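Remarks on the structure that follows.
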Amino acid sequence: DAGVIQSPRHEVTEMGQEVTLRCKPISGHDYLFWYRQTMMRGLELLIYFNNNVPIDDSGMPEDRFSAKMPNASFSTLKIQPSEPRDSAVYFCASSFQGDSHEQYFGPGTRLTVT
Amino acid sequence: QKEVEQNSGPLSVPEGAIASLNCTYSDRGSQSFFWYRQYSGKSPELIMFIYSNGDKEDGRFTAQLNKASQYVSLLIRDSQPSDSATYLCAGARVGTGRRALTFGSGTRLQVQP
C-alpha cells in the first residue's frame, strides 16, 4: 500500500492568499484526520471524517479554515485568507473502522505564509 | 492540565542502554494508548499500541500500561543512535464512538554513540 498521500509537500504563499492542501487516505480506511503541528502547540487535531462525513470539527481554529471529503479517497483542507500564524506542518492521517484506533500519518505539508 | 503529559526532555542515554519514556494521562476514560516516533522533519510513525494493563513487547520495544496509576511508558532496549527522535504518547477512548487520539507534546530522545 502507498500509505497516506499528501500534496503539496511544501507551500509558500503570501498573506491573504487561498491555500488548499490535499490528502488521499490509505485505501479501505474509513476515518480521515487533519492535524496541525507547531513547536508552540504541538500536534493539534483540526477535524476528522468518518465515511466522508465530518464528525468533529471543534479543532478548526476559525472560519478561515474549511475541510471537505467528497469521496472515500480524497480530502482537502482550505485556508482562505491565509495568515502568517497559519504557518505550520499539516498532517493527514487515516484509520480503519475497527477497535484499535491506530492512525497512520501522511508525510505532511509544510506551509509558510509570509 | 493537559490530558496527556510528557516530559519534553531531551532524554539523553548512551548507546546500548535502556531508554525509558514516560507519559501520564488524566482522562480515566482513555483505554488505548499509542507510541509514535517522529524524526525531525518527518511525520509521526506508529511504533506500538497497548490497551491492557501490563507489558507488551515488540522487538527492542516494550510498552507498559498502569491504568490505576494512569501512566504509560515505553522502554527501548539496546538504544541505538538511530532511535534519536521525538516520541509522542497518545490516548484514545474506545467504544464511545469518538475516534480522536489525544497526543502529548512529546519527549525528545538523544542516544549518544
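Ligands are numbered from 1 in the order shown, residues from 1 within each chain, and chains are lettered A, B, ... in the order they appear in the C-alpha cells.
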A:Phe91 surroundings by only C-alpha atoms, 9 Å radius, close-in-sequence under 5 positions cut, as a list in words: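 The residues satisfying every condition are Gln6, Cys23, Phe33, Trp34, Tyr35, Arg36, Gln37, Phe105, Gly106, Pro107, Gly108, Thr109 and Arg110 of chain A; Ser43 of chain B.
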Give me, as CSV, each residue of chain A that comes within 10 Å of chain B, together with its shortest interatomic pair and the distance in Å at one decimal, counting only C-alpha atoms, with rows ordered by chain and rising residue number.
residue,atom,partner,partner_atom,distance
A:Tyr31,CA,B:Arg99,CA,8.3
A:Leu32,CA,B:Arg99,CA,9.9
A:Phe33,CA,B:Ala100,CA,8.2
A:Gln37,CA,B:Ser43,CA,9.9
A:Met39,CA,B:Ser105,CA,9.2
A:Met40,CA,B:Ser105,CA,9.4
A:Arg41,CA,B:Ser105,CA,7.9
A:Gly42,CA,B:Ser105,CA,5.5
A:Leu43,CA,B:Phe103,CA,6.8
A:Glu44,CA,B:Phe103,CA,7.9
A:Leu45,CA,B:Ala100,CA,7.7
A:Ile47,CA,B:Ala100,CA,9.1
A:Tyr48,CA,B:Ala100,CA,7.7
A:Phe49,CA,B:Arg99,CA,9.6
A:Asn50,CA,B:Arg99,CA,9.1
A:Ile55,CA,B:Arg98,CA,8.8
A:Asp56,CA,B:Ala100,CA,8.8
A:Val89,CA,B:Gly41,CA,9.2
A:Tyr90,CA,B:Ser43,CA,9.7
A:Phe91,CA,B:Ser43,CA,7.5
A:Cys92,CA,B:Ser43,CA,9.6
A:Ala93,CA,B:Pro44,CA,9.7
A:Ser95,CA,B:Arg99,CA,9.1
A:Gln97,CA,B:Arg99,CA,9.2
A:Asp99,CA,B:Val94,CA,6.8
A:Ser100,CA,B:Ser32,CA,7.8
A:His101,CA,B:Arg99,CA,6.5
A:Glu102,CA,B:Phe34,CA,7.7
A:Gln103,CA,B:Leu46,CA,7.6
A:Tyr104,CA,B:Leu46,CA,7.0
A:Phe105,CA,B:Pro44,CA,6.3
A:Gly106,CA,B:Ser43,CA,6.6
A:Pro107,CA,B:Ser43,CA,5.3
A:Gly108,CA,B:Ser43,CA,6.4
A:Thr109,CA,B:Ser43,CA,9.9
A:Arg110,CA,B:Gly41,CA,9.3
Save out the residues we just selected, N, CA and C atoms, as a tab-separated table (two decimals), in the first residue's frame.
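Okay, this is what ended up in out_8.tsv:
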chain	number	residue	atom	x	y	z
A	31	TYR	N	-11.72	6.36	8.32
A	31	TYR	CA	-11.57	7.61	9.05
A	31	TYR	C	-10.41	8.41	8.46
A	32	LEU	N	-10.62	9.73	8.41
A	32	LEU	CA	-9.57	10.62	7.94
A	32	LEU	C	-9.48	11.78	8.91
A	33	PHE	N	-8.23	12.13	9.28
A	33	PHE	CA	-7.97	13.16	10.28
A	33	PHE	C	-7.04	14.22	9.69
A	37	GLN	N	0.72	20.86	13.26
A	37	GLN	CA	1.79	20.75	14.24
A	37	GLN	C	2.67	21.99	14.22
A	39	MET	N	5.74	24.14	16.87
A	39	MET	CA	6.61	23.98	18.04
A	39	MET	C	5.87	24.40	19.30
A	40	MET	N	5.10	25.48	19.20
A	40	MET	CA	4.45	26.02	20.39
A	40	MET	C	3.28	25.16	20.87
A	41	ARG	N	2.50	24.63	19.96
A	41	ARG	CA	1.25	23.98	20.33
A	41	ARG	C	1.26	22.48	20.12
A	42	GLY	N	2.34	21.95	19.55
A	42	GLY	CA	2.40	20.51	19.33
A	42	GLY	C	1.46	20.07	18.23
A	43	LEU	N	0.98	18.84	18.36
A	43	LEU	CA	0.12	18.23	17.35
A	43	LEU	C	-1.34	18.45	17.76
A	44	GLU	N	-2.08	19.17	16.94
A	44	GLU	CA	-3.47	19.50	17.25
A	44	GLU	C	-4.39	18.88	16.21
A	45	LEU	N	-5.46	18.26	16.67
A	45	LEU	CA	-6.48	17.74	15.76
A	45	LEU	C	-7.36	18.90	15.30
A	47	ILE	N	-9.89	18.41	12.48
A	47	ILE	CA	-11.18	17.86	12.09
A	47	ILE	C	-10.98	16.40	11.74
A	48	TYR	N	-12.05	15.59	11.88
A	48	TYR	CA	-11.97	14.25	11.33
A	48	TYR	C	-13.30	13.82	10.71
A	49	PHE	N	-13.18	12.92	9.75
A	49	PHE	CA	-14.30	12.41	8.96
A	49	PHE	C	-14.44	10.90	9.18
A	50	ASN	N	-15.68	10.44	9.10
A	50	ASN	CA	-15.97	9.02	9.07
A	50	ASN	C	-16.84	8.76	7.85
A	55	ILE	N	-17.18	14.55	11.44
A	55	ILE	CA	-17.68	14.12	12.74
A	55	ILE	C	-17.39	15.15	13.82
A	56	ASP	N	-16.19	15.68	13.82
A	56	ASP	CA	-15.79	16.62	14.86
A	56	ASP	C	-14.88	17.68	14.24
A	89	VAL	N	3.13	22.68	10.03
A	89	VAL	CA	3.08	21.46	9.23
A	89	VAL	C	1.69	20.86	9.42
A	90	TYR	N	1.03	20.57	8.32
A	90	TYR	CA	-0.31	20.00	8.35
A	90	TYR	C	-0.22	18.53	7.95
A	91	PHE	N	-0.71	17.67	8.84
A	91	PHE	CA	-0.69	16.25	8.59
A	91	PHE	C	-2.10	15.73	8.36
A	92	CYS	N	-2.19	14.77	7.49
A	92	CYS	CA	-3.39	13.99	7.29
A	92	CYS	C	-3.10	12.58	7.79
A	93	ALA	N	-4.08	11.95	8.43
A	93	ALA	CA	-3.92	10.58	8.92
A	93	ALA	C	-5.20	9.82	8.62
A	95	SER	N	-7.43	5.85	9.40
A	95	SER	CA	-7.51	4.62	10.19
A	95	SER	C	-8.69	3.78	9.75
A	97	GLN	N	-12.03	1.20	10.52
A	97	GLN	CA	-13.22	1.25	11.35
A	97	GLN	C	-13.07	0.47	12.64
A	99	ASP	N	-11.62	-1.57	16.22
A	99	ASP	CA	-11.47	-1.07	17.58
A	99	ASP	C	-10.10	-0.53	17.91
A	100	SER	N	-9.12	-0.79	17.09
A	100	SER	CA	-7.75	-0.50	17.51
A	100	SER	C	-7.42	1.00	17.53
A	101	HIS	N	-8.11	1.82	16.77
A	101	HIS	CA	-7.88	3.27	16.75
A	101	HIS	C	-6.52	3.67	16.20
A	102	GLU	N	-5.77	2.74	15.64
A	102	GLU	CA	-4.46	3.12	15.11
A	102	GLU	C	-4.63	4.11	13.97
A	103	GLN	N	-3.80	5.14	13.96
A	103	GLN	CA	-3.82	6.11	12.88
A	103	GLN	C	-2.48	6.11	12.17
A	104	TYR	N	-2.53	6.26	10.86
A	104	TYR	CA	-1.32	6.28	10.04
A	104	TYR	C	-1.23	7.63	9.36
A	105	PHE	N	-0.07	8.25	9.52
A	105	PHE	CA	0.11	9.62	9.08
A	105	PHE	C	0.72	9.70	7.69
A	106	GLY	N	0.31	10.74	6.96
A	106	GLY	CA	0.97	11.09	5.72
A	106	GLY	C	2.24	11.88	6.00
A	107	PRO	N	2.98	12.23	4.94
A	107	PRO	CA	4.26	12.92	5.10
A	107	PRO	C	4.14	14.38	5.53
A	108	GLY	N	2.94	14.93	5.41
A	108	GLY	CA	2.74	16.31	5.84
A	108	GLY	C	2.95	17.33	4.75
A	109	THR	N	2.35	18.50	4.95
A	109	THR	CA	2.57	19.67	4.09
A	109	THR	C	3.11	20.78	4.98
A	110	ARG	N	4.31	21.26	4.64
A	110	ARG	CA	4.87	22.39	5.39
A	110	ARG	C	4.40	23.68	4.75
Excluding same-chain residues fewer than 5 positions from stretch 62-75 of chain B, what lies within 8 Å of it counting only C-alpha atoms, as number ranges by chain? B: 18-26, 28, 33, 35, 48-57
Go ahead and save the picked residues with C-alpha atoms, as an mmCIF file, in the first residue's frame.
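Result file is part.cif:
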data_model
loop_
_atom_site.group_PDB
_atom_site.id
_atom_site.type_symbol
_atom_site.label_atom_id
_atom_site.label_comp_id
_atom_site.auth_asym_id
_atom_site.auth_seq_id
_atom_site.Cartn_x
_atom_site.Cartn_y
_atom_site.Cartn_z
ATOM 1 C CA ILE B 18 17.743 1.248 28.093
ATOM 2 C CA ALA B 19 15.760 4.389 27.340
ATOM 3 C CA SER B 20 12.640 4.869 29.455
ATOM 4 C CA LEU B 21 9.988 7.250 28.192
ATOM 5 C CA ASN B 22 7.021 8.096 30.372
ATOM 6 C CA CYS B 23 3.570 9.502 29.878
ATOM 7 C CA THR B 24 0.748 10.287 32.306
ATOM 8 C CA TYR B 25 -2.874 10.886 31.460
ATOM 9 C CA SER B 26 -5.773 12.495 33.260
ATOM 10 C CA ARG B 28 -9.759 7.785 33.057
ATOM 11 C CA PHE B 33 -2.503 4.142 24.197
ATOM 12 C CA TRP B 35 3.513 5.443 20.951
ATOM 13 C CA MET B 48 3.248 0.288 19.367
ATOM 14 C CA PHE B 49 -0.139 0.390 20.991
ATOM 15 C CA ILE B 50 -1.349 -1.090 24.251
ATOM 16 C CA TYR B 51 -4.788 -1.400 25.831
ATOM 17 C CA SER B 52 -4.337 -3.936 28.631
ATOM 18 C CA ASN B 53 -2.611 -3.404 31.950
ATOM 19 C CA GLY B 54 0.887 -4.808 31.982
ATOM 20 C CA ASP B 55 3.639 -5.112 29.416
ATOM 21 C CA LYS B 56 3.636 -5.591 25.671
ATOM 22 C CA GLU B 57 6.873 -6.387 23.900
#
Can you tell me, as number ranges by chain, which residues in chain B count as strand (DSSP E) by DSSP? B: 4-6, 11-14, 19-25, 32-38, 45-50, 54-58, 61-66, 71-76, 85-92, 101-103, 107-112
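Atom CA of A:Leu77 to atom CA of A:Ser27 spans 19.2 Å [interatomic distance, one decimal].
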Name all residues at most 9 Å from A:Gln17 (count only C-alpha atoms; drop same-chain ones fewer than 3 positions away) and give them as a count of residues only. 8
To one decimal place, how far is atom CA of A:Ile5 from atom CA of A:Lys24 in Å?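 Rounded to one decimal, the two atoms are 5.0 Å apart.
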